[in-house]
Amino acid sequence: MSPKILLALFFLFIYHSSFSQVVSPIKWGKVNPKDLAMTAYDRDTTAEAVVLTDFGSLNVVEEGNRFKYIFKHHKRIKILHRNAENEANIVIPYRKGERIYNIKGQTISPDGTVTPIGSKDVFVEDVHEYLKLKKFSLPNVQVGSVIEYKYEKKSEAIVTLEEWYFQGKYPVRYSEFNVSIHKILEYTFLFQGKEKTEDSEEVDGLIEIDKGKFVMRNAPALKEEAFITTMDNYRARLHFQLSKIWWRKQPPETFMSTWPELVSELYHHNSFGKQYRFKRNFSKAWAELEPLIIGQSKQEQIKTIYEFVQQKLTWNNFYSRYTKGTLNDAYKEGAANIADINLLLVGLLREAGIKANPMLCGLRSDGIPMEEYPIIDQFSYVLAYVEEGDTPLLLDASSDYFPMGFVRTNALNYKGWVVDYKNARWEKITPQKSEDIFWAGITLDKEGKLNGKMKIRSSGYSAINERIKHKKSSGKHWQKRLEKQIPDLKIETINFKDETNIEKPYSAEVDFVWKGASQNVGNFLYISPIIYTNFKENPFKLEERLYPVEIPYPIKEQLILNLTIPEGYEVDALPDLIHTTFPNKDASFRYLAEVVGNQITLTCKIQINRLVYESHEYPALKGLFDTIVEALNEPIVLKKK
């Protein structure tokens with residue numbers, strides 16, 4: 001079946017059962033000789049690997065008045081190309097309090113030789129205080145090998161169980177997941193995919209569900225390409241959320257609440273609502289801030305408070321919807337998580353009399369948030385939602401590079417939930433734009449050498465990205481970019497302006513010499529004069545795309561080129577005028593070349609205004625970028641008079 005059907009279709013089921021013994025569909029080390037001899041996967045001959053079997057089981061059981069789940073995972077993969085050999089590098093994440101054990105791994109060579117891992121080959125990496133990784137590499141992997149590994153995981157975090165993914169970057173021949181839940185527990189599971197029914201015309205790529213057993217056969221690969229939030233939005237998968245515990249002779253305890261109940265819970269939470277609602281929890285910051293905002297207008301106060309938090313707190317690279325301690329603790333320490341930073345911002349704004357509330361959102365990398373179910377785990381980011389004036393303002397003080405109104409790209413996840421006690425609601429997250437203007441004035445001599453100057457002006461998200469790269473490279477990033485696109489271009493000087501002033505565009509000016517700018521063929525000079533563009537290549541490589549194109553923010557690029565042609569030459573051919581656009585100007589491209597005297601002027605404008613393009617629009621979008629790349633690489637032809 002086409003994976004087009006597997007686009008974020010959510011269904012709700014309630015399931016609970018008593019413990020049952022599950023029989024694995026594969027035996028450790030017993031590999032079918034046909035799989036060892038396989039050189040290509042018949043259902044996808046381009047596949048660099050195929051998951052032969054992916055088997056998992058999850059049992060939620062009771063031990064001494066406490067519940068835990070035991071997750072078992074056994075995966076077997078056939079390596080068909082050297083590009084897939086990194087599948088032998090296994091990483092198993094687990095949280096604080098969880099245990100990973102009974103790890104086994106081995107490589108079966110095409111001749112049947114078995115090479116196992118040893119206990120000393122497994123390493124532990126501490127990511128942060130709440131997350132660790134078990135890591136190991138399967139040995140002696142080569143094209144034709146079959147690799148397999150298995151492990152068990154024990155956890156008492158039963159509110160949200162292990163997710164199961166039926167699809168990935170490689171095709172999956174067989175995937176099975178078995179779930180067994182203690183009889184007094186009730187779970188909701190959210191199923192993304194398409195279920196096999198009696199009316200189904202095919203079995204491949206459909207989920208078969210039978211009493212806690214979920215099976216998918218012959219699932220196609222999902223190949224990641226440019227401009228996608230996360231492939232998890234389109235992979236067939238299961239997500240489990242505890243809804244109730246039916247205690248013996250007691251009323252049931254509810255875990256999956258309603259949205260109004262969730263508002264109340266967060267409003268009174270020690271690490272959320274109480275932090276920004278009570279001044280005692282951020283009194284140290286307020287004492288230092290208050291003298292700075294006396295006599296200011298509301299808009300001036302918002303800016304002062306925003307910049308104050310930016311300067312006082314540094315993000316520690318940890319996402320969270322809850323503060324680590326009190327906001328006073330975060331203020332004193334200086335390094336803080338996302339919730340610490342933006343809840344402090346909310347608290348200070350509210351104390352100044354400005355209407356502000358937290359907005360919870362999920363990360364783009366975690367998938368599109370669901371409005372249907374009040375699942376708190378889908379939120380891992382906090383923003384400040386300010387309603388002062390005619391237009392609400394979204395603030396994120398977690399970076400010194402963000403002007404007001406800009407948030408991290410990973411938080412641009414379409415919508416967020418405003419935790420307003422009296423009016424909690426979903427609101428759109430409307431991103432600011434990204435814009436680049438590249439101007440070049442160049443002179444071509446008779447030998448085909450270009451001398452010129454290029455001016456760069458970046459604003460919006462592009463300016464944020466430029467400043468980050470500028471700092472990391474000590475201003476060398478533009479030199480590296482130009483040398484990468486044009487290896488024989490020599491930069492003579494490069495100067496920057498407003499590289500640290502986030503209120504203004506980021507600007508640069510480059511003087512250069514390009515010796516190999518043209519080809520001399522008889523009486524003709526062929527020159528491709530575009531010095532730099534963000535679209536030197538088409539970002540869309542696939543002929544067909546089975547999921548939407550998702551762009552984080554509007555994109556605009558303008559190129560302006562003034563070329564002085566050498567004495568004794570005249571224009572023989574110029575690129576044609578191009579003006580192509582999507583309906584409603586959702587995306588457009590305009591390219592114009594003109595001659596006035598001995599000057600050639602090229603102007604180019606690329607705009608991407610709409611952020612989501614469905615899969616059926618992909619051919620047109622890919623075609624637009626094919627046109628852009630072709631036009632920007634088309635030469636100007638000069639001939640001797």
# chains A, B, ... in the order shown; residues from 1 in each chain; ligands from 1
>>> residues_around(residues="Gly597 in chain A", least_positions_apart="3", cutoff="12 Å", atoms="only C-alpha atoms", output="list of chain:residue names")
A:Asn562, A:Leu563, A:Thr564, A:Ile565, A:Pro566, A:Glu567, A:Tyr569, A:Glu570, A:Val571, A:Glu594, A:Ile600, A:Thr601
>>> select_by_dssp(residues="range 521-597 of chain A", states="strand (DSSP E or B)", output="VMD selection string")
chain A and resid 521 524 to 527 549 to 550 555 to 564 569 to 573 578 to 581 587 to 596
>>> write_last_selection(atoms="C-alpha atoms", output="compact mmCIF listing (two decimals), in the first residue's frame")
# COMPACT_ATOMS: atom_id res chain seq x y z
CA VAL A 521 35.32 29.62 -26.61
CA PHE A 524 32.54 33.98 -27.17
CA LEU A 525 32.68 34.33 -23.38
CA TYR A 526 30.31 32.22 -21.29
CA ILE A 527 29.77 33.46 -17.75
CA VAL A 549 6.68 19.71 2.83
CA GLU A 550 6.85 21.62 6.14
CA ILE A 555 11.60 32.55 3.19
CA LYS A 556 12.58 35.38 0.87
CA GLU A 557 15.77 35.78 -1.15
CA GLN A 558 16.65 38.62 -3.50
CA LEU A 559 19.64 38.70 -5.85
CA ILE A 560 20.71 41.90 -7.60
CA LEU A 561 23.71 41.79 -9.91
CA ASN A 562 25.28 44.63 -11.93
CA LEU A 563 27.86 43.32 -14.42
CA THR A 564 30.12 45.59 -16.48
CA TYR A 569 32.41 42.67 -26.36
CA GLU A 570 28.65 42.77 -26.72
CA VAL A 571 25.80 40.65 -25.39
CA ASP A 572 24.96 37.63 -27.52
CA ALA A 573 22.46 35.85 -25.21
CA ILE A 578 10.92 33.90 -15.83
CA HIS A 579 7.92 34.61 -13.65
CA THR A 580 6.29 31.59 -12.10
CA THR A 581 4.04 31.46 -9.07
CA ALA A 587 5.49 30.56 -3.60
CA SER A 588 7.01 32.48 -6.48
CA PHE A 589 10.14 33.02 -8.56
CA ARG A 590 10.96 35.99 -10.78
CA TYR A 591 14.15 36.35 -12.84
CA LEU A 592 14.95 39.22 -15.19
CA ALA A 593 18.08 40.11 -17.18
CA GLU A 594 18.42 43.51 -18.88
CA VAL A 595 21.12 45.38 -20.82
CA VAL A 596 21.76 49.11 -20.65
>>> residues_around(residues="range 152-156 of chain A", least_positions_apart="4", cutoff="7 Å", atoms="only C-alpha atoms", output="list in words")
Phe67, Lys68, Tyr69, Ile70, Phe71, Lys72, His73, Glu98, Arg99, Ile100, Tyr101 and Asn102 of chain A
>>> closest_residue(among="A:Ser518, A:Thr254, A:Ser271, A:Ser243", to="Leu638 in chain A", atoms="only C-alpha atoms")
A:Ser518
>>> residues_around(residues="Trp164 in chain A", least_positions_apart="2", cutoff="7 Å", atoms="only C-alpha atoms", output="PyMOL selection string")
chain A and resi 162+166+237-238
>>> write_last_selection(atoms="C-alpha atoms", output="PDB file, in the first residue's frame")
ATOM      1  CA  GLU A 162       7.147   2.647  25.617  1.00  0.00           C
ATOM      2  CA  PHE A 166       6.331   0.078  12.849  1.00  0.00           C
ATOM      3  CA  ARG A 237       3.214   3.949  15.638  1.00  0.00           C
ATOM      4  CA  LEU A 238       1.517   3.392  19.016  1.00  0.00           C
TER       5      LEU A 238
END
>>> closest_residue(among="A:Asn140, A:Ser119, A:Gln301, A:Thr53", to="Trp28 in chain A", atoms="only C-alpha atoms")
A:Thr53
>>> residues_around(residues="Thr323 in chain A", least_positions_apart="4", cutoff="10 Å", atoms="only C-alpha atoms", output="count of residues only")
17
